[in-house]
Each structure stands twice: as C-alpha cells, then as structure tokens.
Amino acid sequence: MPSYAKRVAPFGTTIFTEINQLAARHSAVNLGQGRPDFDGPQEIIDAAVAALKGDSANQYAPSPGLPSLREGVARHAGVFYGLDVDPEAGVIVTAGATQGVYSAIMGLVDPGDQVIVIEPYYDSYVPGVRMAGGTPVYVPMHPPNWTFVEAELRAAFNDNTRALLLNTPNNPSGRVYTRAELQLFAELCIKHDVIVISDEVYEHLYFEGHQHVAIASLPGMFERTVTIGSAGKTFGMTGWKIGWVYGPPELITGVWRSHQFITFATNHPAQAAVAYAFSLGSAYYEEYQALYSHKRDLVMQVIEAAGMSAIQPEGTYFIMGDFSEVFDGNDVEFCRHLIEEIGVATIPPSAFFSDKHRHHAENHVRFAFCKSDETLEQAAERMRALRG
Ligand code: PMP
Ligand code: GLN
C-alpha cells in the first residue's frame, strides 16, 4: 500500500494536538497549548472586518506582504530596538511565526550545515532543520534556573556551523536572556561567521526586572540575524496566523525565495488589521504586560495550591512547574495523570528537548496562563486535589 515519505516518518503528531485531544476526551481545564481563551483588542478585529468589507483585501496580497504591514514591522523594530530595517527589502510577512521559522531555515540553511538549537526549543525547529537537510546540534539549558553552560555552548560551534536558532523570551522555560548571555551568543556567531535565526514572538511579554533585548541590536549582529515575530502573540490573535521575518536584505532574500513557494502570500484582511495594530501606542504593550503579570500570579497560586514548586517566569505566558514533591514518575506520566485524574491539561516539556537531554525536564510540566481568570481559578480548584 502506498505510504508517506520517509522525511516525515519521524515527526509523529505534535504534543499540542495530542494533549488537546486527551484534554477534550476528559473535559480537562486546558492549560496546555498556548492558545488564549479570549481575543485581542476589539479595534484590531474591527480593522479586519473593515478590510473584509472594503474593496481590495479579498484577493491576493503582495507576496512579501502588505506594504503597510511591512512598514509597521520596520517602524516597530526602529522604535523598540533602534534598528534600521528596510520595509521593502528587509521584511517578509508569513503565515505565523511557524512558517517564518520554516522559511528562514529553508532559505538560509544548506544540506549538511549544522544548526545549533538551544533547548528547550519550540517543537517546529528541529523538523524544519531536518527538512532542510541540516543537522541539529543541541545545547541544553539546565534546571532549575534554565541557564546554559558556557563551555557547552562554545563546544557546539565549529567550521560546519551555519546558524544558531534562538528563542527569547523562551517558551517553555520562561527565561528572558540577559544582555550578557546574548553578547556571548553574538561573540561566538561573529567569530565563527554564523547567522542567527531569532524567534522573538514573546518580545513584549517580559515582567518586572527583565527586559527583552533583540540580538540583532548588538554590535555586528544585524547583518547576520533574521528576527521573527507573530501577531498571534503580540496582538493576541493566534487564529490569524500572521507572522513576520525581518533582517538584512541579503538574508531576507533567502527567506523570501522559500516563502514564495511555500505559500506565495498570506491572509490579506488579517494583514491589513495587523498593520493597523502596529499603529497602537505604547500603552497597548504596557496593558498587555500588566494583564499577563496578573495572570502569572494566578497561575503561581495554581501551582502552589497543588503542592508543586515553580520559579517565577521572566517572560512569556508559560511557567514550568516542578512536580517532584507530589508525583513519582516522568513528565508524560504526570501530564496524563493530571488530565485523567485531576482534570487539568498541561504540556510535558520533554517534547522541547532532544532524546539526549530529555531528562532535564522530566520532573516539570508546562502551564500556559494565556487563559481567563475564571479558567485559572477553576484549574486552581482542581489542582488542590493533588495534595490530598
Ligand atoms: N515560536 C514560539 C516560541 C512559539 O511559542 C510559537 C507559538 N505558538 C510560535 C513560534 C508559533 O507562532 P505562530 O502561531 O505565529 O505560528
Ligand atoms: N506556541 C503555542 C504553544 O507553545 C502553540 C503552538 C501550537 O499549537 N503549535 O503552546
């Protein structure tokens, strides 16, 4: 009987789909997938409706993206990071950050190249590297503080290293890399002539005492970095699947060449609305952070109510809870137990590690707190049963 390609055989089903299905089967409160159970600002939705009802947005958008949105991305990078991004030659609008990462890898990595992947990593990175014919080289962050070891990072670089895949603020660890950590990445990338694919979808989601630094803004880095963002995260519209990649024209040309033949162009009305969203002032980002620091406090209570422990995340809407005080087993077993017996769904973070380093996360589960306060309170109520 005909079957699928060997290329996709190892991919299986993503952990998000798997957990969503199990959660639905057991009517669990779902703190698994980073899928908000509320919408982003109404005025952005109104802008999408206006675009749908207008006379130009229901046909193909230009392949690299709507000029007004590319200008918004470039302006935003100038305001927040002091970067001089060319809206015409330096920005591509993609179908979410997932396609942005994929197009960046396909457009920048050759077969045989090594790509350094910092763990824990977002689950689409490694399939992307493999589909490009590259080889992932893993550098783990270590619990409980999720920091990497400088010697391990240095040892990962060699003459075959083509790219470093970074994610800060980091899903699922909640880390926001410090300027000093980013400077070390930068020093090594410059020394070995390596490019950076920097996934910064949570760029506006960092908490008190922390600050997101775009690696492209460090000296000597703009010309070797492509940076990825997402309206799903920044404007709370995950269903729209609008993302972007910006960087120097030479590298963005590679991203665009692959983008043209993956999707050609992305959702036109949603692009018009995201262009509008980029005109919101700084108060929007401040309110967004305030909303999520409140939710982070609620989810810390969920974790404490369960007798588990957690280090407060520095950014993102994820938190890693350590369950070793309340359960004897690994993260996959604990997730299953939580869904089936307690009625709360989380994600086992070993899915964000290579086989070799999976054990780093084995007594943690990832909670997503992009959920209404009612959902978080309901989860807290159920989690109390873990103690007793
Ligand atoms: N990168 C990271 C680190 C993420 O957490 C996500 C979230 N889902 C994505 C990329 C994908 O974003 P999008 O939904 O825009 O494809
Ligand atoms: N980025 C979100 C998460 O980490 C959702 C990803 C997805 O469903 N593919 O939960």
# chains A, B, ... in the order shown; residues from 1 in each chain; ligands from 1
>>> closest_atom_pairs(of="chain A", to="ligand 1", cutoff="10 Å", atoms="only C-alpha atoms and all ligand atoms", output="CSV")
residue,atom,partner,partner_atom_place_in_ligand_line,distance
A:Phe16,CA,ligand 1,8 (N),9.7
A:Gln33,CA,ligand 1,8 (N),8.0
A:Gly34,CA,ligand 1,8 (N),6.2
A:Arg35,CA,ligand 1,8 (N),7.8
A:Thr94,CA,ligand 1,15 (O),8.6
A:Ala95,CA,ligand 1,16 (O),6.8
A:Gly96,CA,ligand 1,15 (O),3.4
A:Ala97,CA,ligand 1,15 (O),3.8
A:Thr98,CA,ligand 1,16 (O),3.7
A:Gln99,CA,ligand 1,16 (O),6.4
A:Gly100,CA,ligand 1,16 (O),7.6
A:Val101,CA,ligand 1,10 (C),7.5
A:Tyr102,CA,ligand 1,16 (O),9.9
A:Pro120,CA,ligand 1,3 (C),9.9
A:Tyr121,CA,ligand 1,3 (C),7.3
A:Tyr122,CA,ligand 1,3 (C),5.1
A:Asp123,CA,ligand 1,2 (C),8.3
A:Ser124,CA,ligand 1,10 (C),7.8
A:Tyr125,CA,ligand 1,1 (N),8.7
A:Leu166,CA,ligand 1,3 (C),9.0
A:Asn167,CA,ligand 1,3 (C),5.9
A:Thr168,CA,ligand 1,3 (C),7.8
A:Pro169,CA,ligand 1,3 (C),8.0
A:Asn170,CA,ligand 1,3 (C),6.4
A:Asn171,CA,ligand 1,3 (C),5.1
A:Pro172,CA,ligand 1,5 (O),7.6
A:Ser198,CA,ligand 1,1 (N),9.5
A:Asp199,CA,ligand 1,1 (N),5.9
A:Glu200,CA,ligand 1,3 (C),7.2
A:Val201,CA,ligand 1,1 (N),5.9
A:Tyr202,CA,ligand 1,3 (C),7.3
A:Ile228,CA,ligand 1,10 (C),8.3
A:Gly229,CA,ligand 1,15 (O),7.2
A:Ser230,CA,ligand 1,15 (O),4.5
A:Ala231,CA,ligand 1,15 (O),6.4
A:Gly232,CA,ligand 1,15 (O),5.1
A:Lys233,CA,ligand 1,15 (O),6.9
A:Thr234,CA,ligand 1,15 (O),9.3
A:Gly236,CA,ligand 1,14 (O),9.9
A:Met237,CA,ligand 1,14 (O),8.6
A:Thr238,CA,ligand 1,14 (O),5.4
A:Gly239,CA,ligand 1,14 (O),7.6
A:Trp240,CA,ligand 1,14 (O),8.3
A:Lys241,CA,ligand 1,15 (O),5.3
A:Ile242,CA,ligand 1,15 (O),6.0
A:Gly243,CA,ligand 1,15 (O),5.2
A:Trp244,CA,ligand 1,15 (O),8.5
A:Thr316,CA,ligand 1,5 (O),8.4
A:Tyr317,CA,ligand 1,5 (O),9.2
A:Phe318,CA,ligand 1,5 (O),9.1
>>> residues_around(residues="Ile319 in chain A", least_positions_apart="3", cutoff="8 Å", atoms="only C-alpha atoms", output="PDB file with N, CA, C and O atoms, in the first residue's frame")
ATOM      1  N   PRO A 172       9.533  26.852  26.536  1.00  0.00           N
ATOM      2  CA  PRO A 172       8.638  26.912  27.699  1.00  0.00           C
ATOM      3  C   PRO A 172       9.294  27.381  28.991  1.00  0.00           C
ATOM      4  O   PRO A 172       8.619  27.439  30.014  1.00  0.00           O
ATOM      5  N   SER A 173      10.600  27.717  28.984  1.00  0.00           N
ATOM      6  CA  SER A 173      11.277  27.914  30.279  1.00  0.00           C
ATOM      7  C   SER A 173      10.876  29.201  30.978  1.00  0.00           C
ATOM      8  O   SER A 173      11.073  29.346  32.183  1.00  0.00           O
ATOM      9  N   GLY A 174      10.358  30.192  30.203  1.00  0.00           N
ATOM     10  CA  GLY A 174      10.052  31.488  30.801  1.00  0.00           C
ATOM     11  C   GLY A 174      11.284  32.366  30.964  1.00  0.00           C
ATOM     12  O   GLY A 174      11.204  33.464  31.499  1.00  0.00           O
ATOM     13  N   ALA A 310       7.616  26.279  41.610  1.00  0.00           N
ATOM     14  CA  ALA A 310       7.957  26.866  40.312  1.00  0.00           C
ATOM     15  C   ALA A 310       8.805  28.099  40.523  1.00  0.00           C
ATOM     16  O   ALA A 310       8.653  28.797  41.523  1.00  0.00           O
ATOM     17  N   ILE A 311       9.670  28.346  39.552  1.00  0.00           N
ATOM     18  CA  ILE A 311      10.420  29.600  39.549  1.00  0.00           C
ATOM     19  C   ILE A 311       9.610  30.563  38.699  1.00  0.00           C
ATOM     20  O   ILE A 311       9.140  30.202  37.612  1.00  0.00           O
ATOM     21  N   GLN A 312       9.407  31.754  39.227  1.00  0.00           N
ATOM     22  CA  GLN A 312       8.585  32.726  38.506  1.00  0.00           C
ATOM     23  C   GLN A 312       9.175  32.998  37.114  1.00  0.00           C
ATOM     24  O   GLN A 312      10.366  33.281  36.997  1.00  0.00           O
ATOM     25  N   PRO A 313       8.351  32.900  36.056  1.00  0.00           N
ATOM     26  CA  PRO A 313       8.906  33.151  34.723  1.00  0.00           C
ATOM     27  C   PRO A 313       9.319  34.613  34.545  1.00  0.00           C
ATOM     28  O   PRO A 313       8.687  35.506  35.101  1.00  0.00           O
ATOM     29  N   ARG A 366       4.607  22.091  31.787  1.00  0.00           N
ATOM     30  CA  ARG A 366       4.428  23.479  31.381  1.00  0.00           C
ATOM     31  C   ARG A 366       2.964  23.879  31.467  1.00  0.00           C
ATOM     32  O   ARG A 366       2.106  23.238  30.860  1.00  0.00           O
ATOM     33  N   PHE A 367       2.695  24.943  32.225  1.00  0.00           N
ATOM     34  CA  PHE A 367       1.355  25.522  32.299  1.00  0.00           C
ATOM     35  C   PHE A 367       1.327  26.757  31.403  1.00  0.00           C
ATOM     36  O   PHE A 367       2.252  27.577  31.454  1.00  0.00           O
ATOM     37  N   ALA A 368       0.250  26.913  30.609  1.00  0.00           N
ATOM     38  CA  ALA A 368       0.058  28.144  29.835  1.00  0.00           C
ATOM     39  C   ALA A 368      -0.928  29.011  30.607  1.00  0.00           C
ATOM     40  O   ALA A 368      -1.979  28.522  31.033  1.00  0.00           O
ATOM     41  N   PHE A 369      -0.591  30.310  30.784  1.00  0.00           N
ATOM     42  CA  PHE A 369      -1.538  31.157  31.524  1.00  0.00           C
ATOM     43  C   PHE A 369      -2.184  32.252  30.678  1.00  0.00           C
ATOM     44  O   PHE A 369      -2.668  33.256  31.202  1.00  0.00           O
TER      45      PHE A 369
END
>>> closest_residue(among="A:Gly307, A:Gly209, A:Gly133, A:Gly281", to="Gly107 in chain A", atoms="only C-alpha atoms")
A:Gly133
>>> select_by_dssp(residues="range 63-196 of chain A", states="strand (DSSP E)", output="list of chain:residue names")
A:Val91, A:Ile92, A:Val93, A:Thr94, A:Gln114, A:Val115, A:Ile116, A:Val117, A:Ile118, A:Glu119, A:Thr135, A:Pro136, A:Val137, A:Tyr138, A:Val139, A:Pro140, A:Met141, A:His142, A:Thr147, A:Phe148, A:Thr161, A:Arg162, A:Ala163, A:Leu164, A:Leu165, A:Leu166, A:Asn167, A:Ile195, A:Val196
>>> closest_residue(among="A:Val137, A:Val115, A:Ala104, A:Val344", to="Thr225 in chain A", atoms="only C-alpha atoms")
A:Ala104
>>> residues_around(residues="Ala74 in chain A", least_positions_apart="2", cutoff="6 Å", atoms="only C-alpha atoms", output="PyMOL selection string")
chain A and resi 71-72+76-77+85+87
>>> write_last_selection(atoms="all heavy atoms", output="PDB file, in the first residue's frame")
ATOM      1  N   GLU A  71       5.869  48.119   6.638  1.00  0.00           N
ATOM      2  CA  GLU A  71       6.307  49.385   7.243  1.00  0.00           C
ATOM      3  C   GLU A  71       6.097  49.358   8.752  1.00  0.00           C
ATOM      4  O   GLU A  71       6.927  49.846   9.520  1.00  0.00           O
ATOM      5  CB  GLU A  71       5.540  50.569   6.625  1.00  0.00           C
ATOM      6  CG  GLU A  71       6.173  51.022   5.328  1.00  0.00           C
ATOM      7  CD  GLU A  71       5.187  51.721   4.395  1.00  0.00           C
ATOM      8  OE1 GLU A  71       4.156  52.254   4.888  1.00  0.00           O
ATOM      9  OE2 GLU A  71       5.445  51.714   3.170  1.00  0.00           O
ATOM     10  N   GLY A  72       4.984  48.759   9.191  1.00  0.00           N
ATOM     11  CA  GLY A  72       4.710  48.660  10.632  1.00  0.00           C
ATOM     12  C   GLY A  72       5.781  47.835  11.335  1.00  0.00           C
ATOM     13  O   GLY A  72       6.265  48.207  12.412  1.00  0.00           O
ATOM     14  N   HIS A  76       8.345  49.428  14.085  1.00  0.00           N
ATOM     15  CA  HIS A  76       8.358  48.833  15.427  1.00  0.00           C
ATOM     16  C   HIS A  76       9.790  48.438  15.817  1.00  0.00           C
ATOM     17  O   HIS A  76      10.243  48.696  16.934  1.00  0.00           O
ATOM     18  CB  HIS A  76       7.409  47.627  15.414  1.00  0.00           C
ATOM     19  CG  HIS A  76       7.395  46.810  16.656  1.00  0.00           C
ATOM     20  ND1 HIS A  76       8.290  45.791  16.883  1.00  0.00           N
ATOM     21  CD2 HIS A  76       6.594  46.842  17.749  1.00  0.00           C
ATOM     22  CE1 HIS A  76       8.033  45.235  18.063  1.00  0.00           C
ATOM     23  NE2 HIS A  76       7.006  45.858  18.606  1.00  0.00           N
ATOM     24  N   ALA A  77      10.530  47.863  14.874  1.00  0.00           N
ATOM     25  CA  ALA A  77      11.915  47.453  15.169  1.00  0.00           C
ATOM     26  C   ALA A  77      12.799  48.680  15.406  1.00  0.00           C
ATOM     27  O   ALA A  77      13.764  48.623  16.181  1.00  0.00           O
ATOM     28  CB  ALA A  77      12.478  46.612  14.022  1.00  0.00           C
ATOM     29  N   VAL A  85      15.479  48.964   9.672  1.00  0.00           N
ATOM     30  CA  VAL A  85      15.022  47.857   8.819  1.00  0.00           C
ATOM     31  C   VAL A  85      14.400  48.431   7.546  1.00  0.00           C
ATOM     32  O   VAL A  85      13.594  49.361   7.613  1.00  0.00           O
ATOM     33  CB  VAL A  85      13.986  46.988   9.591  1.00  0.00           C
ATOM     34  CG1 VAL A  85      13.392  45.914   8.692  1.00  0.00           C
ATOM     35  CG2 VAL A  85      14.621  46.372  10.831  1.00  0.00           C
ATOM     36  N   PRO A  87      11.764  48.395   4.929  1.00  0.00           N
ATOM     37  CA  PRO A  87      10.449  47.732   4.834  1.00  0.00           C
ATOM     38  C   PRO A  87      10.243  47.007   3.510  1.00  0.00           C
ATOM     39  O   PRO A  87       9.447  46.074   3.432  1.00  0.00           O
ATOM     40  CB  PRO A  87       9.444  48.869   4.995  1.00  0.00           C
ATOM     41  CG  PRO A  87      10.196  50.129   4.871  1.00  0.00           C
ATOM     42  CD  PRO A  87      11.667  49.850   5.049  1.00  0.00           C
TER      43      PRO A  87
END
>>> residues_around(residues="Tyr288 in chain A", least_positions_apart="3", cutoff="9 Å", atoms="only C-alpha atoms", output="list in words")
His204, Leu205, Thr234, Phe235, Ala283, Tyr284, Tyr285, Leu291, Tyr292 and Ser293 of chain A
>>> residues_around(residues="range 150-156 of chain A", least_positions_apart="4", cutoff="9 Å", atoms="only C-alpha atoms", output="ChimeraX atom specification")
/A:116,118,137-140,161,184-185,188
>>> write_last_selection(atoms="C-alpha atoms", output="short mmCIF file (atom, residue, chain, number, x, y, z; two decimals), in the first residue's frame")
data_model
loop_
_atom_site.label_atom_id
_atom_site.label_comp_id
_atom_site.auth_asym_id
_atom_site.auth_seq_id
_atom_site.Cartn_x
_atom_site.Cartn_y
_atom_site.Cartn_z
CA ILE A 116 22.76 24.98 16.96
CA ILE A 118 19.18 25.82 22.36
CA VAL A 137 23.36 20.38 17.41
CA TYR A 138 21.79 20.68 20.84
CA VAL A 139 22.85 22.91 23.72
CA PRO A 140 20.62 22.45 26.78
CA THR A 161 28.03 25.62 11.98
CA LEU A 184 28.17 35.58 24.36
CA PHE A 185 25.95 34.21 21.56
CA LEU A 188 30.59 33.19 19.06
#
>>> residues_around(residues="range 374-387 of chain A", least_positions_apart="6", cutoff="7 Å", atoms="only C-alpha atoms", output="PyMOL selection string")
chain A and resi 29+298-299+302+305-307+342-344
>>> write_last_selection(atoms="N, CA, C and O atoms", output="mmCIF file, in the first residue's frame")
data_model
loop_
_atom_site.group_PDB
_atom_site.id
_atom_site.type_symbol
_atom_site.label_atom_id
_atom_site.label_comp_id
_atom_site.auth_asym_id
_atom_site.auth_seq_id
_atom_site.Cartn_x
_atom_site.Cartn_y
_atom_site.Cartn_z
ATOM 1 N N VAL A 29 -9.645 21.169 32.219
ATOM 2 C CA VAL A 29 -9.369 22.594 32.057
ATOM 3 C C VAL A 29 -8.032 22.660 31.318
ATOM 4 O O VAL A 29 -7.041 22.083 31.772
ATOM 5 N N LEU A 298 -1.699 34.481 39.261
ATOM 6 C CA LEU A 298 -2.771 33.493 39.475
ATOM 7 C C LEU A 298 -2.254 32.071 39.249
ATOM 8 O O LEU A 298 -2.576 31.154 40.009
ATOM 9 N N VAL A 299 -1.464 31.886 38.222
ATOM 10 C CA VAL A 299 -1.018 30.517 37.927
ATOM 11 C C VAL A 299 0.039 30.054 38.934
ATOM 12 O O VAL A 299 0.120 28.862 39.254
ATOM 13 N N VAL A 302 -1.992 28.509 41.380
ATOM 14 C CA VAL A 302 -2.447 27.180 40.941
ATOM 15 C C VAL A 302 -1.381 26.148 41.312
ATOM 16 O O VAL A 302 -1.667 25.078 41.864
ATOM 17 N N ALA A 305 -1.073 25.737 45.086
ATOM 18 C CA ALA A 305 -2.253 25.021 45.604
ATOM 19 C C ALA A 305 -2.072 23.515 45.445
ATOM 20 O O ALA A 305 -2.605 22.719 46.222
ATOM 21 N N ALA A 306 -1.284 23.137 44.454
ATOM 22 C CA ALA A 306 -1.094 21.715 44.176
ATOM 23 C C ALA A 306 0.066 21.114 44.961
ATOM 24 O O ALA A 306 0.328 19.918 44.854
ATOM 25 N N GLY A 307 0.783 21.945 45.719
ATOM 26 C CA GLY A 307 1.947 21.425 46.438
ATOM 27 C C GLY A 307 3.170 21.275 45.550
ATOM 28 O O GLY A 307 4.153 20.627 45.910
ATOM 29 N N ILE A 342 -7.158 14.570 37.630
ATOM 30 C CA ILE A 342 -7.360 15.893 38.261
ATOM 31 C C ILE A 342 -8.206 16.791 37.360
ATOM 32 O O ILE A 342 -8.889 17.705 37.819
ATOM 33 N N GLY A 343 -8.146 16.550 36.051
ATOM 34 C CA GLY A 343 -8.948 17.351 35.126
ATOM 35 C C GLY A 343 -8.280 18.656 34.714
ATOM 36 O O GLY A 343 -8.957 19.652 34.444
ATOM 37 N N VAL A 344 -6.948 18.644 34.652
ATOM 38 C CA VAL A 344 -6.211 19.834 34.190
ATOM 39 C C VAL A 344 -5.170 19.386 33.158
ATOM 40 O O VAL A 344 -4.425 18.436 33.410
#
>>> closest_residue(among="A:Ala180, A:Val91, A:Ile339, A:Ile303", to="Pro64 in chain A", atoms="only C-alpha atoms")
A:Val91
>>> atom_distance(atom1="CA of Ile195 in chain A", atom2="CA of Val129 in chain A")
14.0 Å
>>> atom_distance(atom1="CA of Pro248 in chain A", atom2="CA of Ala89 in chain A")
7.9 Å
>>> select_by_dssp(residues="range 215-248 of chain A", states="helix (DSSP H, G or I)", output="number ranges by chain")
A: 215-217, 222-224, 231-234, 238-240
>>> write_last_selection(atoms="N, CA, C and O atoms", output="CSV table (one decimal), in the first residue's frame")
chain,number,residue,atom,x,y,z
A,215,ILE,N,18.7,40.4,19.8
A,215,ILE,CA,20.1,40.1,19.5
A,215,ILE,C,20.6,40.9,18.2
A,215,ILE,O,21.7,41.3,18.2
A,216,ALA,N,19.6,41.2,17.3
A,216,ALA,CA,20.0,42.0,16.1
A,216,ALA,C,20.5,43.4,16.5
A,216,ALA,O,21.2,44.0,15.7
A,217,SER,N,20.2,43.9,17.7
A,217,SER,CA,20.6,45.2,18.1
A,217,SER,C,22.0,45.3,18.7
A,217,SER,O,22.5,46.3,18.9
A,222,PHE,N,23.3,42.8,13.3
A,222,PHE,CA,22.1,43.0,12.4
A,222,PHE,C,22.3,42.2,11.1
A,222,PHE,O,21.5,41.5,10.6
A,223,GLU,N,23.6,42.4,10.6
A,223,GLU,CA,23.8,41.8,9.2
A,223,GLU,C,23.8,40.3,9.2
A,223,GLU,O,23.8,39.6,8.2
A,224,ARG,N,23.8,39.6,10.4
A,224,ARG,CA,23.8,38.2,10.4
A,224,ARG,C,22.6,37.6,11.1
A,224,ARG,O,22.6,36.4,11.5
A,231,ALA,N,1.8,38.1,15.2
A,231,ALA,CA,0.6,38.8,15.7
A,231,ALA,C,-0.2,37.9,16.6
A,231,ALA,O,-1.0,38.4,17.4
A,232,GLY,N,0.0,36.6,16.5
A,232,GLY,CA,-0.7,35.7,17.4
A,232,GLY,C,-0.3,36.0,18.9
A,232,GLY,O,-1.1,36.0,19.7
A,233,LYS,N,1.0,36.3,19.1
A,233,LYS,CA,1.5,36.6,20.4
A,233,LYS,C,1.3,38.1,20.7
A,233,LYS,O,0.7,38.5,21.7
A,234,THR,N,1.9,39.0,19.9
A,234,THR,CA,1.9,40.4,20.2
A,234,THR,C,0.5,41.0,20.2
A,234,THR,O,0.3,41.9,21.0
A,238,THR,N,-4.0,34.4,17.8
A,238,THR,CA,-3.3,33.2,17.3
A,238,THR,C,-4.0,32.6,16.0
A,238,THR,O,-3.3,31.9,15.2
A,239,GLY,N,-5.3,32.7,15.9
A,239,GLY,CA,-6.0,32.1,14.8
A,239,GLY,C,-5.8,32.8,13.5
A,239,GLY,O,-6.1,32.2,12.4
A,240,TRP,N,-5.2,34.0,13.5
A,240,TRP,CA,-5.0,34.7,12.2
A,240,TRP,C,-3.8,34.2,11.5
A,240,TRP,O,-3.6,34.3,10.3
>>> residues_around(residues="Tyr60 in chain A", least_positions_apart="2", cutoff="8 Å", atoms="only C-alpha atoms", output="number ranges by chain")
A: 57-58, 62, 265-268
>>> write_last_selection(atoms="C-alpha atoms", output="short mmCIF file (atom, residue, chain, number, x, y, z; two decimals), in the first residue's frame")
data_model
loop_
_atom_site.label_atom_id
_atom_site.label_comp_id
_atom_site.auth_asym_id
_atom_site.auth_seq_id
_atom_site.Cartn_x
_atom_site.Cartn_y
_atom_site.Cartn_z
CA ALA A 57 -8.38 42.87 0.67
CA ASN A 58 -10.25 39.80 -0.56
CA PRO A 62 1.63 41.03 -2.49
CA ALA A 265 1.28 35.27 0.07
CA THR A 266 -0.64 35.23 3.35
CA ASN A 267 -4.12 36.22 4.54
CA HIS A 268 -4.78 39.70 3.17
#
>>> closest_residue(among="A:Gln183, A:Ser56, A:Ser282, A:Thr346", to="ligand 2", atoms="only C-alpha atoms and all ligand atoms")
A:Thr346
>>> decode(residues="range 145-160 of chain A", atoms="N, CA, C and O atoms", output="compact mmCIF listing (two decimals), in the first residue's frame")
# COMPACT_ATOMS: atom_id res chain seq x y z
N ASN A 145 17.19 26.85 37.01
CA ASN A 145 17.10 28.25 36.54
C ASN A 145 17.12 28.38 35.02
O ASN A 145 17.07 29.46 34.49
N TRP A 146 17.27 27.26 34.32
CA TRP A 146 17.27 27.25 32.86
C TRP A 146 18.34 28.19 32.31
O TRP A 146 18.07 29.11 31.54
N THR A 147 19.58 27.90 32.72
CA THR A 147 20.71 28.63 32.17
C THR A 147 21.58 27.64 31.40
O THR A 147 21.57 26.44 31.71
N PHE A 148 22.29 28.12 30.40
CA PHE A 148 23.18 27.21 29.68
C PHE A 148 24.60 27.33 30.24
O PHE A 148 24.93 28.29 30.95
N VAL A 149 25.41 26.33 29.94
CA VAL A 149 26.78 26.30 30.43
C VAL A 149 27.68 26.82 29.31
O VAL A 149 27.63 26.31 28.18
N GLU A 150 28.47 27.84 29.61
CA GLU A 150 29.25 28.50 28.56
C GLU A 150 30.12 27.50 27.79
O GLU A 150 30.19 27.54 26.55
N ALA A 151 30.74 26.56 28.50
CA ALA A 151 31.64 25.61 27.82
C ALA A 151 30.85 24.72 26.86
O ALA A 151 31.34 24.38 25.77
N GLU A 152 29.63 24.36 27.23
CA GLU A 152 28.80 23.53 26.33
C GLU A 152 28.44 24.31 25.08
O GLU A 152 28.39 23.78 23.97
N LEU A 153 28.15 25.60 25.26
CA LEU A 153 27.81 26.44 24.11
C LEU A 153 29.02 26.59 23.20
O LEU A 153 28.93 26.39 21.98
N ARG A 154 30.16 26.92 23.77
CA ARG A 154 31.38 27.10 22.96
C ARG A 154 31.70 25.83 22.17
O ARG A 154 32.07 25.89 21.01
N ALA A 155 31.52 24.69 22.83
CA ALA A 155 31.88 23.41 22.20
C ALA A 155 30.97 23.07 21.01
O ALA A 155 31.32 22.25 20.17
N ALA A 156 29.80 23.70 20.95
CA ALA A 156 28.86 23.38 19.87
C ALA A 156 29.25 24.04 18.55
O ALA A 156 28.80 23.64 17.48
N PHE A 157 30.07 25.10 18.61
CA PHE A 157 30.44 25.84 17.39
C PHE A 157 31.63 25.19 16.70
O PHE A 157 32.60 24.80 17.36
N ASN A 158 31.56 25.05 15.38
CA ASN A 158 32.72 24.57 14.61
C ASN A 158 32.61 25.10 13.17
O ASN A 158 31.72 25.90 12.87
N ASP A 159 33.47 24.63 12.30
CA ASP A 159 33.50 25.18 10.93
C ASP A 159 32.26 24.84 10.11
O ASP A 159 32.02 25.45 9.07
N ASN A 160 31.51 23.83 10.54
CA ASN A 160 30.29 23.47 9.80
C ASN A 160 29.05 24.15 10.34
O ASN A 160 27.94 23.91 9.86
